[in-house]
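Raw contents of query_4.cif, mmCIF, N, CA and C atoms:
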data_run
loop_
_atom_site.label_atom_id
_atom_site.label_comp_id
_atom_site.auth_asym_id
_atom_site.auth_seq_id
_atom_site.Cartn_x
_atom_site.Cartn_y
_atom_site.Cartn_z
N MET W 1 66.66 4.70 34.25
CA MET W 1 66.48 3.30 34.56
C MET W 1 66.04 2.58 33.29
N PRO W 2 66.74 1.55 32.85
CA PRO W 2 66.42 0.89 31.59
C PRO W 2 65.24 -0.09 31.67
N GLN W 3 64.78 -0.42 32.87
CA GLN W 3 63.66 -1.36 33.01
C GLN W 3 62.51 -0.67 33.72
N SER W 4 61.33 -1.26 33.58
CA SER W 4 60.16 -0.80 34.31
C SER W 4 59.77 -1.86 35.32
N PHE W 5 59.49 -1.44 36.53
CA PHE W 5 59.13 -2.37 37.60
C PHE W 5 57.76 -1.99 38.14
N ALA W 6 57.00 -3.00 38.53
CA ALA W 6 55.69 -2.75 39.13
C ALA W 6 55.40 -3.85 40.14
N CYS W 7 54.80 -3.45 41.22
CA CYS W 7 54.35 -4.39 42.25
C CYS W 7 52.91 -3.99 42.57
N LEU W 8 51.97 -4.58 41.86
CA LEU W 8 50.57 -4.19 41.95
C LEU W 8 49.72 -5.37 42.43
N TYR W 9 49.16 -5.22 43.61
CA TYR W 9 48.27 -6.25 44.15
C TYR W 9 46.87 -5.65 44.23
N VAL W 10 45.89 -6.43 43.79
CA VAL W 10 44.52 -5.95 43.68
C VAL W 10 43.56 -6.90 44.37
N HIS W 11 42.64 -6.33 45.14
CA HIS W 11 41.50 -7.06 45.70
C HIS W 11 40.31 -6.65 44.85
N LEU W 12 39.82 -7.58 44.04
CA LEU W 12 38.73 -7.33 43.10
C LEU W 12 37.47 -8.03 43.59
N ILE W 13 36.36 -7.30 43.52
CA ILE W 13 35.07 -7.83 43.97
C ILE W 13 34.03 -7.54 42.89
N PHE W 14 33.27 -8.57 42.52
CA PHE W 14 32.13 -8.33 41.64
C PHE W 14 31.03 -9.34 41.92
N SER W 15 29.83 -8.93 41.58
CA SER W 15 28.63 -9.67 41.92
C SER W 15 27.96 -10.25 40.68
N THR W 16 27.08 -11.18 40.93
CA THR W 16 26.21 -11.66 39.86
C THR W 16 25.20 -10.55 39.52
N LYS W 17 24.68 -10.60 38.32
CA LYS W 17 23.69 -9.62 37.90
C LYS W 17 22.51 -9.65 38.88
N ASN W 18 22.12 -8.47 39.32
CA ASN W 18 21.02 -8.31 40.28
C ASN W 18 21.25 -9.07 41.59
N ARG W 19 22.49 -9.40 41.84
CA ARG W 19 22.89 -10.12 43.06
C ARG W 19 22.11 -11.43 43.25
N ARG W 20 21.80 -12.07 42.13
CA ARG W 20 21.09 -13.35 42.20
C ARG W 20 22.03 -14.41 42.75
N PRO W 21 21.55 -15.26 43.64
CA PRO W 21 22.39 -16.29 44.28
C PRO W 21 22.61 -17.50 43.38
N TRP W 22 23.32 -17.30 42.27
CA TRP W 22 23.52 -18.35 41.29
C TRP W 22 24.72 -19.24 41.54
N ILE W 23 25.70 -18.76 42.26
CA ILE W 23 26.96 -19.49 42.37
C ILE W 23 26.86 -20.58 43.44
N GLU W 24 27.04 -21.81 43.01
CA GLU W 24 27.04 -22.93 43.95
C GLU W 24 28.40 -23.04 44.62
N GLU W 25 28.43 -23.40 45.88
CA GLU W 25 29.69 -23.51 46.61
C GLU W 25 30.65 -24.48 45.91
N GLY W 26 30.13 -25.55 45.34
CA GLY W 26 30.97 -26.54 44.67
C GLY W 26 31.64 -26.04 43.40
N TRP W 27 31.20 -24.90 42.87
CA TRP W 27 31.79 -24.35 41.66
C TRP W 27 33.16 -23.72 41.90
N PHE W 28 33.43 -23.29 43.12
CA PHE W 28 34.61 -22.45 43.35
C PHE W 28 35.94 -23.08 42.94
N PRO W 29 36.17 -24.38 43.13
CA PRO W 29 37.46 -24.92 42.65
C PRO W 29 37.65 -24.73 41.14
N GLU W 30 36.62 -25.00 40.34
CA GLU W 30 36.73 -24.83 38.89
C GLU W 30 36.73 -23.35 38.49
N LEU W 31 35.89 -22.57 39.15
CA LEU W 31 35.85 -21.14 38.88
C LEU W 31 37.21 -20.51 39.16
N LYS W 32 37.83 -20.95 40.24
CA LYS W 32 39.16 -20.45 40.59
C LYS W 32 40.17 -20.79 39.49
N LYS W 33 40.06 -21.98 38.90
CA LYS W 33 40.94 -22.36 37.79
C LYS W 33 40.74 -21.45 36.59
N TYR W 34 39.49 -21.12 36.27
CA TYR W 34 39.23 -20.21 35.15
C TYR W 34 39.79 -18.83 35.42
N PHE W 35 39.58 -18.34 36.63
CA PHE W 35 40.14 -17.04 36.98
C PHE W 35 41.67 -17.07 36.90
N ALA W 36 42.28 -18.11 37.44
CA ALA W 36 43.74 -18.22 37.43
C ALA W 36 44.27 -18.27 36.00
N GLY W 37 43.63 -19.04 35.14
CA GLY W 37 44.07 -19.15 33.76
C GLY W 37 43.93 -17.84 33.00
N THR W 38 42.84 -17.15 33.22
CA THR W 38 42.63 -15.85 32.58
C THR W 38 43.70 -14.86 33.03
N LEU W 39 43.96 -14.81 34.31
CA LEU W 39 44.98 -13.91 34.83
C LEU W 39 46.36 -14.27 34.29
N ARG W 40 46.67 -15.55 34.29
CA ARG W 40 47.97 -16.01 33.78
C ARG W 40 48.15 -15.61 32.32
N GLY W 41 47.09 -15.74 31.54
CA GLY W 41 47.14 -15.36 30.13
C GLY W 41 47.40 -13.87 29.91
N GLN W 42 47.14 -13.09 30.92
CA GLN W 42 47.36 -11.64 30.85
C GLN W 42 48.63 -11.23 31.59
N GLY W 43 49.43 -12.22 32.02
CA GLY W 43 50.67 -11.91 32.72
C GLY W 43 50.50 -11.59 34.19
N SER W 44 49.33 -11.88 34.73
CA SER W 44 49.03 -11.64 36.14
C SER W 44 48.97 -12.98 36.87
N LYS W 45 48.85 -12.93 38.19
CA LYS W 45 48.85 -14.18 38.96
C LYS W 45 47.80 -14.13 40.07
N LEU W 46 46.93 -15.14 40.08
CA LEU W 46 45.93 -15.26 41.14
C LEU W 46 46.62 -15.69 42.43
N ILE W 47 46.32 -14.99 43.50
CA ILE W 47 46.83 -15.34 44.82
C ILE W 47 45.76 -16.07 45.60
N ASP W 48 44.53 -15.57 45.54
CA ASP W 48 43.43 -16.22 46.25
C ASP W 48 42.11 -15.83 45.61
N CYS W 49 41.10 -16.67 45.85
CA CYS W 49 39.77 -16.43 45.29
C CYS W 49 38.76 -17.22 46.09
N ASP W 50 37.65 -16.60 46.38
CA ASP W 50 36.52 -17.30 46.99
C ASP W 50 35.33 -16.37 46.93
N GLY W 51 34.23 -16.82 47.44
CA GLY W 51 33.04 -16.00 47.44
C GLY W 51 31.86 -16.77 47.99
N VAL W 52 30.70 -16.23 47.71
CA VAL W 52 29.45 -16.86 48.13
C VAL W 52 28.50 -16.84 46.93
N ALA W 53 27.25 -17.14 47.15
CA ALA W 53 26.30 -17.36 46.06
C ALA W 53 26.11 -16.16 45.13
N ASP W 54 26.34 -14.93 45.63
CA ASP W 54 26.05 -13.77 44.79
C ASP W 54 27.25 -12.90 44.44
N HIS W 55 28.45 -13.28 44.86
CA HIS W 55 29.62 -12.48 44.49
C HIS W 55 30.92 -13.22 44.75
N VAL W 56 32.00 -12.68 44.14
CA VAL W 56 33.32 -13.28 44.30
C VAL W 56 34.33 -12.21 44.71
N HIS W 57 35.38 -12.68 45.36
CA HIS W 57 36.54 -11.86 45.73
C HIS W 57 37.77 -12.52 45.11
N LEU W 58 38.61 -11.72 44.47
CA LEU W 58 39.87 -12.22 43.94
C LEU W 58 40.99 -11.33 44.46
N LEU W 59 42.09 -11.94 44.79
CA LEU W 59 43.31 -11.23 45.14
C LEU W 59 44.36 -11.69 44.15
N PHE W 60 44.97 -10.74 43.44
CA PHE W 60 45.96 -11.12 42.43
C PHE W 60 47.02 -10.04 42.27
N SER W 61 48.15 -10.48 41.72
CA SER W 61 49.18 -9.53 41.33
C SER W 61 48.89 -9.18 39.87
N GLN W 62 48.85 -7.91 39.59
CA GLN W 62 48.47 -7.44 38.25
C GLN W 62 49.69 -7.10 37.42
N SER W 63 49.68 -7.57 36.21
CA SER W 63 50.73 -7.24 35.24
C SER W 63 50.70 -5.75 34.93
N LYS W 64 51.85 -5.20 34.70
CA LYS W 64 51.92 -3.79 34.31
C LYS W 64 51.52 -3.60 32.84
N GLN W 65 51.30 -4.70 32.13
CA GLN W 65 51.00 -4.65 30.70
C GLN W 65 49.52 -4.60 30.36
N VAL W 66 48.65 -4.72 31.34
CA VAL W 66 47.21 -4.81 31.05
C VAL W 66 46.44 -3.91 32.00
N SER W 67 45.37 -3.31 31.51
CA SER W 67 44.56 -2.44 32.36
C SER W 67 43.63 -3.28 33.23
N LEU W 68 43.26 -2.73 34.35
CA LEU W 68 42.35 -3.43 35.27
C LEU W 68 40.99 -3.66 34.61
N SER W 69 40.50 -2.70 33.87
CA SER W 69 39.19 -2.87 33.23
C SER W 69 39.21 -3.99 32.19
N ASP W 70 40.29 -4.09 31.41
CA ASP W 70 40.39 -5.17 30.43
C ASP W 70 40.51 -6.52 31.12
N LEU W 71 41.29 -6.57 32.17
CA LEU W 71 41.48 -7.81 32.92
C LEU W 71 40.16 -8.27 33.53
N THR W 72 39.42 -7.34 34.12
CA THR W 72 38.14 -7.68 34.74
C THR W 72 37.13 -8.14 33.69
N ARG W 73 37.11 -7.47 32.55
CA ARG W 73 36.22 -7.89 31.46
C ARG W 73 36.50 -9.33 31.05
N ASP W 74 37.78 -9.67 30.90
CA ASP W 74 38.16 -11.03 30.51
C ASP W 74 37.83 -12.05 31.59
N LEU W 75 38.03 -11.69 32.85
CA LEU W 75 37.68 -12.59 33.95
C LEU W 75 36.20 -12.93 33.92
N LYS W 76 35.37 -11.92 33.74
CA LYS W 76 33.93 -12.14 33.71
C LYS W 76 33.51 -12.93 32.48
N ALA W 77 34.05 -12.57 31.33
CA ALA W 77 33.65 -13.25 30.08
C ALA W 77 34.05 -14.72 30.11
N ASN W 78 35.28 -15.02 30.50
CA ASN W 78 35.73 -16.42 30.51
C ASN W 78 34.95 -17.25 31.52
N SER W 79 34.72 -16.70 32.70
CA SER W 79 34.00 -17.47 33.72
C SER W 79 32.53 -17.63 33.36
N SER W 80 31.92 -16.61 32.75
CA SER W 80 30.52 -16.75 32.29
C SER W 80 30.41 -17.83 31.23
N GLY W 81 31.38 -17.86 30.32
CA GLY W 81 31.38 -18.89 29.29
C GLY W 81 31.43 -20.28 29.89
N TRP W 82 32.29 -20.46 30.90
CA TRP W 82 32.39 -21.75 31.56
C TRP W 82 31.06 -22.12 32.23
N ILE W 83 30.45 -21.17 32.93
CA ILE W 83 29.17 -21.44 33.60
C ILE W 83 28.10 -21.81 32.58
N HIS W 84 28.05 -21.10 31.47
CA HIS W 84 27.04 -21.41 30.43
C HIS W 84 27.27 -22.78 29.80
N ARG W 85 28.54 -23.17 29.63
CA ARG W 85 28.83 -24.50 29.06
C ARG W 85 28.52 -25.62 30.06
N GLU W 86 28.91 -25.42 31.31
CA GLU W 86 28.74 -26.47 32.33
C GLU W 86 27.31 -26.57 32.84
N TYR W 87 26.61 -25.46 32.85
CA TYR W 87 25.26 -25.41 33.41
C TYR W 87 24.32 -24.74 32.40
N PRO W 88 23.99 -25.44 31.32
CA PRO W 88 23.17 -24.83 30.25
C PRO W 88 21.82 -24.31 30.75
N GLN W 89 21.33 -24.85 31.85
CA GLN W 89 20.07 -24.36 32.40
C GLN W 89 20.20 -22.95 32.96
N LEU W 90 21.42 -22.48 33.13
CA LEU W 90 21.65 -21.12 33.64
C LEU W 90 22.00 -20.17 32.50
N LYS W 91 21.28 -20.27 31.41
CA LYS W 91 21.59 -19.43 30.25
C LYS W 91 21.44 -17.94 30.56
N GLU W 92 20.71 -17.59 31.61
CA GLU W 92 20.55 -16.18 31.99
C GLU W 92 21.64 -15.70 32.93
N PHE W 93 22.54 -16.59 33.35
CA PHE W 93 23.59 -16.17 34.27
C PHE W 93 24.41 -15.03 33.67
N ALA W 94 24.70 -14.05 34.51
CA ALA W 94 25.56 -12.94 34.10
C ALA W 94 26.16 -12.30 35.34
N TRP W 95 27.30 -11.67 35.15
CA TRP W 95 27.91 -10.87 36.20
C TRP W 95 27.38 -9.44 36.09
N GLN W 96 27.40 -8.71 37.20
CA GLN W 96 27.04 -7.30 37.14
C GLN W 96 27.99 -6.58 36.20
N SER W 97 27.60 -5.43 35.71
CA SER W 97 28.46 -4.73 34.76
C SER W 97 29.66 -4.07 35.44
N GLY W 98 29.54 -3.69 36.68
CA GLY W 98 30.63 -3.00 37.36
C GLY W 98 31.46 -3.92 38.24
N TYR W 99 32.38 -3.31 38.96
CA TYR W 99 33.24 -4.04 39.90
C TYR W 99 33.81 -3.05 40.89
N ALA W 100 34.40 -3.58 41.93
CA ALA W 100 35.12 -2.75 42.92
C ALA W 100 36.52 -3.34 43.02
N ALA W 101 37.51 -2.47 42.96
CA ALA W 101 38.90 -2.92 43.05
C ALA W 101 39.65 -2.02 44.01
N PHE W 102 40.47 -2.64 44.83
CA PHE W 102 41.21 -1.91 45.85
C PHE W 102 42.66 -2.36 45.82
N SER W 103 43.55 -1.40 45.92
CA SER W 103 44.97 -1.73 45.96
C SER W 103 45.31 -2.36 47.30
N VAL W 104 46.26 -3.25 47.29
CA VAL W 104 46.69 -3.96 48.49
C VAL W 104 48.21 -3.86 48.57
N SER W 105 48.71 -3.48 49.72
CA SER W 105 50.17 -3.46 49.89
C SER W 105 50.66 -4.89 50.08
N TYR W 106 51.92 -5.11 49.81
CA TYR W 106 52.48 -6.45 49.97
C TYR W 106 52.27 -6.95 51.39
N SER W 107 52.46 -6.07 52.37
CA SER W 107 52.29 -6.49 53.78
C SER W 107 50.84 -6.77 54.13
N GLY W 108 49.90 -6.28 53.32
CA GLY W 108 48.48 -6.51 53.59
C GLY W 108 47.92 -7.77 52.96
N ILE W 109 48.71 -8.46 52.16
CA ILE W 109 48.22 -9.66 51.48
C ILE W 109 47.66 -10.71 52.46
N PRO W 110 48.35 -11.05 53.55
CA PRO W 110 47.79 -12.06 54.46
C PRO W 110 46.43 -11.66 55.05
N ASP W 111 46.23 -10.38 55.34
CA ASP W 111 44.94 -9.93 55.86
C ASP W 111 43.83 -10.11 54.83
N VAL W 112 44.12 -9.78 53.58
CA VAL W 112 43.12 -9.93 52.52
C VAL W 112 42.84 -11.41 52.28
N GLN W 113 43.87 -12.24 52.33
CA GLN W 113 43.66 -13.69 52.17
C GLN W 113 42.76 -14.23 53.27
N ARG W 114 42.97 -13.81 54.49
CA ARG W 114 42.10 -14.25 55.59
C ARG W 114 40.67 -13.78 55.37
N TYR W 115 40.52 -12.55 54.92
CA TYR W 115 39.19 -12.01 54.66
C TYR W 115 38.48 -12.82 53.59
N ILE W 116 39.17 -13.11 52.51
CA ILE W 116 38.58 -13.89 51.42
C ILE W 116 38.24 -15.30 51.88
N ALA W 117 39.10 -15.92 52.65
CA ALA W 117 38.87 -17.29 53.13
C ALA W 117 37.67 -17.36 54.07
N ASN W 118 37.31 -16.26 54.68
CA ASN W 118 36.25 -16.24 55.69
C ASN W 118 34.91 -15.76 55.12
N GLN W 119 34.72 -15.80 53.81
CA GLN W 119 33.52 -15.27 53.20
C GLN W 119 32.22 -15.90 53.69
N ARG W 120 32.17 -17.20 53.78
CA ARG W 120 30.91 -17.84 54.17
C ARG W 120 30.49 -17.44 55.58
N GLU W 121 31.44 -17.43 56.48
CA GLU W 121 31.14 -17.00 57.86
C GLU W 121 30.76 -15.52 57.90
N HIS W 122 31.51 -14.72 57.19
CA HIS W 122 31.30 -13.27 57.16
C HIS W 122 29.89 -12.93 56.68
N HIS W 123 29.40 -13.65 55.66
CA HIS W 123 28.12 -13.30 55.06
C HIS W 123 26.92 -13.96 55.75
N ARG W 124 27.15 -14.56 56.88
CA ARG W 124 26.01 -15.01 57.70
C ARG W 124 25.34 -13.82 58.36
N THR W 125 26.09 -12.73 58.53
CA THR W 125 25.56 -11.56 59.24
C THR W 125 25.58 -10.28 58.41
N ARG W 126 26.13 -10.33 57.22
CA ARG W 126 26.28 -9.11 56.42
C ARG W 126 26.01 -9.42 54.95
N SER W 127 25.16 -8.61 54.33
CA SER W 127 24.86 -8.81 52.91
C SER W 127 26.01 -8.29 52.04
N PHE W 128 25.97 -8.65 50.77
CA PHE W 128 26.96 -8.14 49.84
C PHE W 128 26.88 -6.62 49.75
N GLY W 129 25.67 -6.09 49.71
CA GLY W 129 25.50 -4.64 49.64
C GLY W 129 26.14 -3.94 50.82
N GLU W 130 25.91 -4.45 52.01
CA GLU W 130 26.51 -3.87 53.21
C GLU W 130 28.03 -3.96 53.16
N GLU W 131 28.53 -5.10 52.69
CA GLU W 131 29.98 -5.30 52.58
C GLU W 131 30.59 -4.30 51.59
N LEU W 132 29.96 -4.16 50.43
CA LEU W 132 30.49 -3.27 49.40
C LEU W 132 30.53 -1.82 49.90
N ILE W 133 29.45 -1.38 50.51
CA ILE W 133 29.41 0.00 51.02
C ILE W 133 30.48 0.20 52.08
N ALA W 134 30.69 -0.80 52.94
CA ALA W 134 31.74 -0.68 53.95
C ALA W 134 33.12 -0.55 53.30
N PHE W 135 33.38 -1.32 52.24
CA PHE W 135 34.66 -1.21 51.52
C PHE W 135 34.82 0.17 50.90
N LEU W 136 33.78 0.65 50.25
CA LEU W 136 33.85 1.96 49.60
C LEU W 136 34.13 3.05 50.62
N GLU W 137 33.44 2.98 51.74
CA GLU W 137 33.64 4.00 52.77
C GLU W 137 35.01 3.88 53.43
N LYS W 138 35.46 2.68 53.68
CA LYS W 138 36.79 2.48 54.27
C LYS W 138 37.89 3.08 53.39
N HIS W 139 37.71 2.98 52.08
CA HIS W 139 38.71 3.45 51.13
C HIS W 139 38.41 4.86 50.60
N HIS W 140 37.40 5.51 51.19
CA HIS W 140 37.03 6.87 50.81
C HIS W 140 36.70 7.02 49.33
N VAL W 141 35.95 6.04 48.82
CA VAL W 141 35.50 6.07 47.43
C VAL W 141 34.10 6.68 47.41
N GLU W 142 33.95 7.76 46.65
CA GLU W 142 32.63 8.38 46.53
C GLU W 142 31.73 7.49 45.67
N TYR W 143 30.45 7.44 46.03
CA TYR W 143 29.50 6.62 45.28
C TYR W 143 28.11 7.19 45.43
N ASP W 144 27.25 6.83 44.50
CA ASP W 144 25.85 7.17 44.57
C ASP W 144 25.12 5.84 44.71
N GLU W 145 24.45 5.65 45.82
CA GLU W 145 23.81 4.37 46.11
C GLU W 145 22.81 3.94 45.03
N ARG W 146 22.26 4.89 44.29
CA ARG W 146 21.31 4.55 43.22
C ARG W 146 21.97 3.74 42.12
N TYR W 147 23.30 3.84 41.98
CA TYR W 147 23.99 3.19 40.87
C TYR W 147 24.97 2.12 41.30
N LEU W 148 24.82 1.63 42.52
CA LEU W 148 25.75 0.59 43.00
C LEU W 148 25.49 -0.76 42.38
N PHE W 149 24.24 -1.06 42.09
CA PHE W 149 23.90 -2.42 41.66
C PHE W 149 23.08 -2.42 40.40
N ASP W 150 23.25 -3.47 39.62
CA ASP W 150 22.39 -3.70 38.46
C ASP W 150 21.95 -5.14 38.46
#

Could I get this file's structure written as structure tokens?
Amino acid sequence: MPQSFACLYVHLIFSTKNRRPWIEEGWFPELKKYFAGTLRGQGSKLIDCDGVADHVHLLFSQSKQVSLSDLTRDLKANSSGWIHREYPQLKEFAWQSGYAAFSVSYSGIPDVQRYIANQREHHRTRSFGEELIAFLEKHHVEYDERYLFD
């Protein structure tokens, strides 16, 4: 085959450092633009994004030309830069060092979009920690609870 083809959809989740509730609800339209631009610059495409005060969820199609770790690093760096420029009083703002990423089938995209759109309602009864552990267990990802958060 003379060409390479890839169909990679990713549900990416990451939190603020120490799960501090720094993210204002009104930030999400601009934050989404930064995430979309960063992904576009890497040949990927944002499908959906939302979150709550202490974490974000992104659904995107990933380019076959870039690693997930590099893409996530750039997403965090670019969005942190925007937050520091727009909100200089938040000079301590930072994202956690890690992330959780899960593959999504094409047919599963609408379910993930609904899940992301329902974040505010969902987190009225469930913390980010509970949500993350549920995702890890659902996907059979081994983890040590001592190292889940920073």

Report as a CSV table (one decimal) with N, CA and C atoms, in the frame of the given file the residues that result from applying the PyMOL selection byres (((chain W and resi 80-84 and name CA) around 12) and name CA) to the structure here.
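Final output, saved to expr-v2.csv:
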chain,number,residue,atom,x,y,z
W,16,THR,N,27.1,-11.2,40.9
W,16,THR,CA,26.2,-11.7,39.9
W,16,THR,C,25.2,-10.6,39.5
W,17,LYS,N,24.7,-10.6,38.3
W,17,LYS,CA,23.7,-9.6,37.9
W,17,LYS,C,22.5,-9.6,38.9
W,22,TRP,N,23.3,-17.3,42.3
W,22,TRP,CA,23.5,-18.4,41.3
W,22,TRP,C,24.7,-19.2,41.5
W,23,ILE,N,25.7,-18.8,42.3
W,23,ILE,CA,27.0,-19.5,42.4
W,23,ILE,C,26.9,-20.6,43.4
W,24,GLU,N,27.0,-21.8,43.0
W,24,GLU,CA,27.0,-22.9,44.0
W,24,GLU,C,28.4,-23.0,44.6
W,27,TRP,N,31.2,-24.9,42.9
W,27,TRP,CA,31.8,-24.4,41.7
W,27,TRP,C,33.2,-23.7,41.9
W,28,PHE,N,33.4,-23.3,43.1
W,28,PHE,CA,34.6,-22.4,43.4
W,28,PHE,C,35.9,-23.1,42.9
W,30,GLU,N,36.6,-25.0,40.3
W,30,GLU,CA,36.7,-24.8,38.9
W,30,GLU,C,36.7,-23.4,38.5
W,31,LEU,N,35.9,-22.6,39.2
W,31,LEU,CA,35.8,-21.1,38.9
W,31,LEU,C,37.2,-20.5,39.2
W,32,LYS,N,37.8,-21.0,40.2
W,32,LYS,CA,39.2,-20.4,40.6
W,32,LYS,C,40.2,-20.8,39.5
W,33,LYS,N,40.1,-22.0,38.9
W,33,LYS,CA,40.9,-22.4,37.8
W,33,LYS,C,40.7,-21.4,36.6
W,34,TYR,N,39.5,-21.1,36.3
W,34,TYR,CA,39.2,-20.2,35.2
W,34,TYR,C,39.8,-18.8,35.4
W,35,PHE,N,39.6,-18.3,36.6
W,35,PHE,CA,40.1,-17.0,37.0
W,35,PHE,C,41.7,-17.1,36.9
W,38,THR,N,42.8,-17.2,33.2
W,38,THR,CA,42.6,-15.8,32.6
W,38,THR,C,43.7,-14.9,33.0
W,73,ARG,N,37.1,-7.5,32.6
W,73,ARG,CA,36.2,-7.9,31.5
W,73,ARG,C,36.5,-9.3,31.0
W,74,ASP,N,37.8,-9.7,30.9
W,74,ASP,CA,38.2,-11.0,30.5
W,74,ASP,C,37.8,-12.0,31.6
W,75,LEU,N,38.0,-11.7,32.8
W,75,LEU,CA,37.7,-12.6,34.0
W,75,LEU,C,36.2,-12.9,33.9
W,76,LYS,N,35.4,-11.9,33.7
W,76,LYS,CA,33.9,-12.1,33.7
W,76,LYS,C,33.5,-12.9,32.5
W,77,ALA,N,34.0,-12.6,31.3
W,77,ALA,CA,33.6,-13.2,30.1
W,77,ALA,C,34.0,-14.7,30.1
W,78,ASN,N,35.3,-15.0,30.5
W,78,ASN,CA,35.7,-16.4,30.5
W,78,ASN,C,35.0,-17.2,31.5
W,79,SER,N,34.7,-16.7,32.7
W,79,SER,CA,34.0,-17.5,33.7
W,79,SER,C,32.5,-17.6,33.4
W,85,ARG,N,28.5,-23.2,29.6
W,85,ARG,CA,28.8,-24.5,29.1
W,85,ARG,C,28.5,-25.6,30.1
W,86,GLU,N,28.9,-25.4,31.3
W,86,GLU,CA,28.7,-26.5,32.3
W,86,GLU,C,27.3,-26.6,32.8
W,87,TYR,N,26.6,-25.5,32.8
W,87,TYR,CA,25.3,-25.4,33.4
W,87,TYR,C,24.3,-24.7,32.4
W,88,PRO,N,24.0,-25.4,31.3
W,88,PRO,CA,23.2,-24.8,30.2
W,88,PRO,C,21.8,-24.3,30.8
W,89,GLN,N,21.3,-24.8,31.8
W,89,GLN,CA,20.1,-24.4,32.4
W,89,GLN,C,20.2,-23.0,33.0
W,90,LEU,N,21.4,-22.5,33.1
W,90,LEU,CA,21.6,-21.1,33.6
W,90,LEU,C,22.0,-20.2,32.5
W,91,LYS,N,21.3,-20.3,31.4
W,91,LYS,CA,21.6,-19.4,30.2
W,91,LYS,C,21.4,-17.9,30.6
W,92,GLU,N,20.7,-17.6,31.6
W,92,GLU,CA,20.6,-16.2,32.0
W,92,GLU,C,21.6,-15.7,32.9
W,93,PHE,N,22.5,-16.6,33.4
W,93,PHE,CA,23.6,-16.2,34.3
W,93,PHE,C,24.4,-15.0,33.7
W,94,ALA,N,24.7,-14.0,34.5
W,94,ALA,CA,25.6,-12.9,34.1
W,94,ALA,C,26.2,-12.3,35.3
W,95,TRP,N,27.3,-11.7,35.2
W,95,TRP,CA,27.9,-10.9,36.2
W,95,TRP,C,27.4,-9.4,36.1
W,96,GLN,N,27.4,-8.7,37.2
W,96,GLN,CA,27.0,-7.3,37.1
W,96,GLN,C,28.0,-6.6,36.2

If you run DSSP on the backbone here, which positions in chain W get alpha helix (DSSP H)? Please write them as a ChimeraX atom specification.
/W:28-41,68-86,109-117,119-122,128-138

| Residues picked by the PyMOL selection byres ((chain W and resi 10) around 6) here, as a PyMOL selection string? | chain W and resi 8-9+11-12+58-62+102-104

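As for atom N of Lys45 of chain W and atom C of Ser97 of chain W, they are spaced 21.3 Å apart.
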
Expressed in Å to a single decimal, how great is the separation between atom CA of Glu130 of chain W and atom CA of Ser67 of chain W?
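It comes out at 27.6 Å.
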
(19.6, -4.3, 41.2) in this file's frame - what residues fall within 6 Å of it? Use only C-alpha atoms and give the answer as a PyMOL selection string. chain W and resi 18+149-150

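Separating atom N of Arg126 of chain W from atom C of Pro29 of chain W is a distance of 24.5 Å.
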